[in-house]
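Step one of this worksheet: look at the structure below.
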Amino acid sequence: MFETCRAESRAALVSYLPAGYPTVDGSVDAFRALIDGGTDLIEVGVPYSDPVMDGPTIQQAATTALDAGFRVRDTLRVIEKIVAAGGNAVVMTYWNLVLHYGVDAFARDLASAGGLGMITPDLIPDEAAEWIAASDAHRLGRTFLVAPSSTEERLVRTVEASRGFVYATSTMGVTGARDAVSTAAPELVARVKEHSDIPVGVGLGVRSREQAAQIAGFADAVIVGSALVARVPEGPASVEALTRELAEGVRSATVAP
């Protein structure tokens with residue numbers, strides 16, 4: 001997917017929604033709206049009762065999904081539906097849920113469902129030997145996170161352990177739409193690119209066409225979560241409309257050489 005975007009001299013739009021919100025079938029409709037709106041890659045969030053990175057919008061959505069009876073195995077059914085609809089999907093999940101399911105079993109079932117990889121916000125490469133082995137065995141991508149506070153040693157170790165793309169958090173803190181793009185984001189992307197040509201996605205705080213265009217000028221992917229989650233109660237048409245706006249922003253950017 002990233003090779004295709006690079007061939008088109010543009011960044012990718014990566015869109016996040018939690019599986020099972022407001023219900024499993026309802027979330028499938030929302031994911032299809034992301035595809036129809038022009039997203040390049042979908043992050044399928046696994047609802048969790050004790051998140052460390054999610055802001056209020058995503059926390060509330062996760063609570064709604066869990067109250068409706070969501071289970072981890074439902075994630076795989078959602079992935080299958082996304083792939084069948086022509087989408088590209090990765091899972092974003094806290095590590096406890098994968099440990100409980102079984103690391104190799106989850107990797108096996110994710111690959112079987114058509115998923116491309118997994119983002120693990122609370123797992124560092126130093127403690128990821130089991131996941132690295134499983135993702136190698138099942139040919140899945142693995143995305144670890146870097147932040148403005150990452151030391152150079154930590155950043156290099158994280159980039160070397162990642163496969164597919166690296167997730168750069170544009171600001172310290174939790175998820176949530178913000179009025180302006182963090183000034184730390186371009187510097188963080190530049191630091192990654194000093195060590196690797198792996199694609200870098202920038203997330204946390206994006207909510208508008210203008211912000212998407214701004215980030216697409218220096219990053220390989222623009223990651224949007226809370227702003228899309230907030231549209232889910234308004235229905236798939238509203239989700240698709242915002243996705244289309246964001247995709248236009250990404251495609252309008254002048255990409256840095």
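Naming works like this for the structure tokens: A, B, ... for the chains as they're shown, residue 1 at the start of each chain, ligands 1 onward in shown order.
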
Considering only C-alpha atoms, return as a PDB file with N, CA and C atoms, in the first residue's frame whatever protein or nucleic-acid residues lie within 12 Å of stretch 68-71 of chain A, sequence-local ones (same chain, fewer than 6 positions apart) excluded.
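Below is the file out.pdb, written as the result:
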ATOM      1  N   PRO A  18     -12.885   1.935  16.263  1.00  0.00           N
ATOM      2  CA  PRO A  18     -12.912   0.713  17.067  1.00  0.00           C
ATOM      3  C   PRO A  18     -13.904  -0.297  16.494  1.00  0.00           C
ATOM      4  N   ALA A  19     -13.512  -1.551  16.468  1.00  0.00           N
ATOM      5  CA  ALA A  19     -14.455  -2.607  16.091  1.00  0.00           C
ATOM      6  C   ALA A  19     -15.552  -2.681  17.144  1.00  0.00           C
ATOM      7  N   GLY A  20     -16.752  -3.002  16.693  1.00  0.00           N
ATOM      8  CA  GLY A  20     -17.839  -3.207  17.651  1.00  0.00           C
ATOM      9  C   GLY A  20     -18.554  -1.963  18.103  1.00  0.00           C
ATOM     10  N   TYR A  21     -18.217  -0.796  17.517  1.00  0.00           N
ATOM     11  CA  TYR A  21     -18.859   0.452  17.926  1.00  0.00           C
ATOM     12  C   TYR A  21     -19.768   0.978  16.822  1.00  0.00           C
ATOM     13  N   PRO A  22     -21.045   1.156  17.048  1.00  0.00           N
ATOM     14  CA  PRO A  22     -21.775   0.935  18.315  1.00  0.00           C
ATOM     15  C   PRO A  22     -22.114  -0.532  18.551  1.00  0.00           C
ATOM     16  N   THR A  23     -22.158  -1.309  17.484  1.00  0.00           N
ATOM     17  CA  THR A  23     -22.329  -2.764  17.552  1.00  0.00           C
ATOM     18  C   THR A  23     -21.357  -3.358  16.527  1.00  0.00           C
ATOM     19  N   VAL A  24     -21.198  -4.666  16.533  1.00  0.00           N
ATOM     20  CA  VAL A  24     -20.285  -5.272  15.563  1.00  0.00           C
ATOM     21  C   VAL A  24     -20.759  -4.996  14.138  1.00  0.00           C
ATOM     22  N   ASP A  25     -22.027  -5.260  13.855  1.00  0.00           N
ATOM     23  CA  ASP A  25     -22.536  -5.015  12.501  1.00  0.00           C
ATOM     24  C   ASP A  25     -22.526  -3.523  12.159  1.00  0.00           C
ATOM     25  N   GLY A  26     -22.831  -2.681  13.142  1.00  0.00           N
ATOM     26  CA  GLY A  26     -22.792  -1.241  12.907  1.00  0.00           C
ATOM     27  C   GLY A  26     -21.391  -0.752  12.593  1.00  0.00           C
ATOM     28  N   SER A  27     -20.399  -1.354  13.244  1.00  0.00           N
ATOM     29  CA  SER A  27     -19.016  -0.941  12.963  1.00  0.00           C
ATOM     30  C   SER A  27     -18.593  -1.354  11.560  1.00  0.00           C
ATOM     31  N   GLY A  45      -9.424  -0.825  15.803  1.00  0.00           N
ATOM     32  CA  GLY A  45      -9.142  -0.814  17.232  1.00  0.00           C
ATOM     33  C   GLY A  45      -9.894  -1.918  17.958  1.00  0.00           C
ATOM     34  N   VAL A  46      -9.241  -2.499  18.951  1.00  0.00           N
ATOM     35  CA  VAL A  46      -9.886  -3.520  19.775  1.00  0.00           C
ATOM     36  C   VAL A  46     -10.303  -2.856  21.089  1.00  0.00           C
ATOM     37  N   PRO A  47     -11.588  -2.720  21.353  1.00  0.00           N
ATOM     38  CA  PRO A  47     -12.039  -2.066  22.585  1.00  0.00           C
ATOM     39  C   PRO A  47     -11.446  -2.724  23.823  1.00  0.00           C
ATOM     40  N   TYR A  48     -11.045  -1.875  24.773  1.00  0.00           N
ATOM     41  CA  TYR A  48     -10.362  -2.354  25.978  1.00  0.00           C
ATOM     42  C   TYR A  48     -10.796  -1.474  27.141  1.00  0.00           C
ATOM     43  N   SER A  49     -10.979  -2.076  28.286  1.00  0.00           N
ATOM     44  CA  SER A  49     -11.531  -1.349  29.435  1.00  0.00           C
ATOM     45  C   SER A  49     -10.500  -0.505  30.172  1.00  0.00           C
ATOM     46  N   ALA A  61     -16.375   5.231  23.124  1.00  0.00           N
ATOM     47  CA  ALA A  61     -16.755   4.283  22.075  1.00  0.00           C
ATOM     48  C   ALA A  61     -16.432   2.848  22.500  1.00  0.00           C
ATOM     49  N   ALA A  62     -15.270   2.671  23.142  1.00  0.00           N
ATOM     50  CA  ALA A  62     -14.883   1.339  23.605  1.00  0.00           C
ATOM     51  C   ALA A  62     -15.854   0.825  24.663  1.00  0.00           C
ATOM     52  N   ARG A  77     -13.686 -11.122  12.654  1.00  0.00           N
ATOM     53  CA  ARG A  77     -14.844 -11.098  11.737  1.00  0.00           C
ATOM     54  C   ARG A  77     -14.941  -9.747  11.036  1.00  0.00           C
ATOM     55  N   VAL A  78     -14.649  -8.683  11.783  1.00  0.00           N
ATOM     56  CA  VAL A  78     -14.669  -7.346  11.188  1.00  0.00           C
ATOM     57  C   VAL A  78     -13.577  -7.214  10.123  1.00  0.00           C
ATOM     58  N   LEU A  97      -4.622  -8.043  25.644  1.00  0.00           N
ATOM     59  CA  LEU A  97      -5.658  -8.781  24.924  1.00  0.00           C
ATOM     60  C   LEU A  97      -5.049  -9.855  24.028  1.00  0.00           C
ATOM     61  N   HIS A 100      -3.777 -12.723  26.234  1.00  0.00           N
ATOM     62  CA  HIS A 100      -4.882 -13.560  26.707  1.00  0.00           C
ATOM     63  C   HIS A 100      -5.367 -14.502  25.596  1.00  0.00           C
ATOM     64  N   TYR A 101      -5.396 -14.010  24.372  1.00  0.00           N
ATOM     65  CA  TYR A 101      -5.856 -14.814  23.225  1.00  0.00           C
ATOM     66  C   TYR A 101      -4.820 -15.879  22.878  1.00  0.00           C
TER      67      TYR A 101
END

(request) Find the residues around A:Ile58 up to 8 Å (only C-alpha atoms counted), leave out those fewer than 2 positions away in its own chain, and share them as a list in words. (result) Pro18, Asp54, Gly55, Pro56, Gln60, Ala61, Ala62, Thr175, Ser226 and Val229 of chain A

Dump as a compact mmCIF listing (two decimals), in the first residue's frame, selection limited to N, CA, C and O atoms:
# COMPACT_ATOMS: atom_id res chain seq x y z
N PRO A 18 -12.88 1.93 16.26
CA PRO A 18 -12.91 0.71 17.07
C PRO A 18 -13.90 -0.30 16.49
O PRO A 18 -15.00 0.08 16.06
N ASP A 54 -5.79 6.11 24.78
CA ASP A 54 -7.02 6.63 24.21
C ASP A 54 -7.58 7.80 25.02
O ASP A 54 -7.67 7.74 26.25
N GLY A 55 -8.01 8.84 24.30
CA GLY A 55 -8.68 9.96 24.93
C GLY A 55 -10.15 9.67 25.16
O GLY A 55 -10.64 8.57 24.89
N PRO A 56 -10.91 10.68 25.64
CA PRO A 56 -12.30 10.47 26.03
C PRO A 56 -13.19 9.95 24.91
O PRO A 56 -14.06 9.11 25.16
N GLN A 60 -15.04 6.33 25.31
CA GLN A 60 -16.49 6.19 25.35
C GLN A 60 -16.98 5.20 24.31
O GLN A 60 -17.88 4.38 24.56
N ALA A 61 -16.38 5.23 23.12
CA ALA A 61 -16.75 4.28 22.08
C ALA A 61 -16.43 2.85 22.50
O ALA A 61 -17.22 1.92 22.27
N ALA A 62 -15.27 2.67 23.14
CA ALA A 62 -14.88 1.34 23.60
C ALA A 62 -15.85 0.83 24.66
O ALA A 62 -16.25 -0.35 24.65
N THR A 175 -5.07 10.35 22.70
CA THR A 175 -5.72 10.69 21.45
C THR A 175 -6.78 11.75 21.66
O THR A 175 -7.31 11.96 22.74
N SER A 226 -9.94 10.02 16.48
CA SER A 226 -11.06 10.54 17.28
C SER A 226 -12.08 11.31 16.45
O SER A 226 -13.30 11.21 16.70
N VAL A 229 -14.24 8.77 14.87
CA VAL A 229 -15.06 8.08 15.87
C VAL A 229 -16.25 8.96 16.26
O VAL A 229 -17.38 8.48 16.43

(request) Have a look at atom CA of A:Glu152 and atom CA of A:Tyr94 and let me know their distance in Å, one decimal. (result)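 Result for atom CA of A:Glu152 versus atom CA of A:Tyr94: 24.6 Å, one decimal.
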
(message) Please list as a ChimeraX atom specification every residue within 7 Å of stretch 139-143 of chain A, counting only C-alpha atoms and excluding residues in the same chain fewer than 2 positions away.
(response) /A:111,116-120,135-137,145,162-167

Would you mind exporting N, CA and C atoms of the selected residues as a PDB file, in the first residue's frame?
ATOM      1  N   ALA A 111      -3.806 -13.182  10.289  1.00  0.00           N
ATOM      2  CA  ALA A 111      -3.337 -13.402   8.915  1.00  0.00           C
ATOM      3  C   ALA A 111      -4.394 -14.140   8.097  1.00  0.00           C
ATOM      4  N   LEU A 116      -3.211  -7.174   7.741  1.00  0.00           N
ATOM      5  CA  LEU A 116      -1.845  -6.942   7.260  1.00  0.00           C
ATOM      6  C   LEU A 116      -0.826  -6.808   8.378  1.00  0.00           C
ATOM      7  N   GLY A 117      -1.292  -6.558   9.588  1.00  0.00           N
ATOM      8  CA  GLY A 117      -0.338  -6.383  10.675  1.00  0.00           C
ATOM      9  C   GLY A 117      -1.012  -5.857  11.920  1.00  0.00           C
ATOM     10  N   MET A 118      -0.181  -5.383  12.868  1.00  0.00           N
ATOM     11  CA  MET A 118      -0.727  -4.954  14.154  1.00  0.00           C
ATOM     12  C   MET A 118       0.094  -3.793  14.713  1.00  0.00           C
ATOM     13  N   ILE A 119      -0.621  -2.845  15.314  1.00  0.00           N
ATOM     14  CA  ILE A 119      -0.019  -1.719  16.027  1.00  0.00           C
ATOM     15  C   ILE A 119      -0.191  -1.988  17.518  1.00  0.00           C
ATOM     16  N   THR A 120       0.909  -1.864  18.262  1.00  0.00           N
ATOM     17  CA  THR A 120       0.866  -2.214  19.683  1.00  0.00           C
ATOM     18  C   THR A 120       1.354  -1.026  20.513  1.00  0.00           C
ATOM     19  N   SER A 135       4.915 -12.638  14.212  1.00  0.00           N
ATOM     20  CA  SER A 135       4.661 -11.821  13.016  1.00  0.00           C
ATOM     21  C   SER A 135       5.560 -12.253  11.868  1.00  0.00           C
ATOM     22  N   ASP A 136       6.770 -12.689  12.196  1.00  0.00           N
ATOM     23  CA  ASP A 136       7.634 -13.245  11.148  1.00  0.00           C
ATOM     24  C   ASP A 136       7.028 -14.532  10.580  1.00  0.00           C
ATOM     25  N   ALA A 137       6.564 -15.396  11.475  1.00  0.00           N
ATOM     26  CA  ALA A 137       6.031 -16.695  11.048  1.00  0.00           C
ATOM     27  C   ALA A 137       4.798 -16.536  10.161  1.00  0.00           C
ATOM     28  N   LEU A 145       5.623   2.400  18.337  1.00  0.00           N
ATOM     29  CA  LEU A 145       5.434   3.845  18.402  1.00  0.00           C
ATOM     30  C   LEU A 145       6.702   4.567  18.834  1.00  0.00           C
ATOM     31  N   SER A 162      10.394  -2.416  13.734  1.00  0.00           N
ATOM     32  CA  SER A 162       9.114  -2.240  13.039  1.00  0.00           C
ATOM     33  C   SER A 162       9.184  -2.780  11.614  1.00  0.00           C
ATOM     34  N   ARG A 163       8.012  -3.163  11.119  1.00  0.00           N
ATOM     35  CA  ARG A 163       7.902  -3.606   9.715  1.00  0.00           C
ATOM     36  C   ARG A 163       6.551  -3.138   9.184  1.00  0.00           C
ATOM     37  N   GLY A 164       6.566  -2.488   8.046  1.00  0.00           N
ATOM     38  CA  GLY A 164       5.334  -1.911   7.494  1.00  0.00           C
ATOM     39  C   GLY A 164       5.399  -0.406   7.607  1.00  0.00           C
ATOM     40  N   PHE A 165       5.206   0.100   8.817  1.00  0.00           N
ATOM     41  CA  PHE A 165       5.404   1.526   9.067  1.00  0.00           C
ATOM     42  C   PHE A 165       5.608   1.761  10.558  1.00  0.00           C
ATOM     43  N   VAL A 166       6.122   2.949  10.865  1.00  0.00           N
ATOM     44  CA  VAL A 166       6.325   3.373  12.250  1.00  0.00           C
ATOM     45  C   VAL A 166       5.270   4.419  12.576  1.00  0.00           C
ATOM     46  N   TYR A 167       4.736   4.348  13.786  1.00  0.00           N
ATOM     47  CA  TYR A 167       3.702   5.289  14.235  1.00  0.00           C
ATOM     48  C   TYR A 167       4.379   6.371  15.063  1.00  0.00           C
TER      49      TYR A 167
END

(message) Report, in Å with one decimal, the straight-line distance from atom CA of A:Ala84 to atom CA of A:Gly235.
(response)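 Result for atom CA of A:Ala84 versus atom CA of A:Gly235: 20.9 Å, one decimal.
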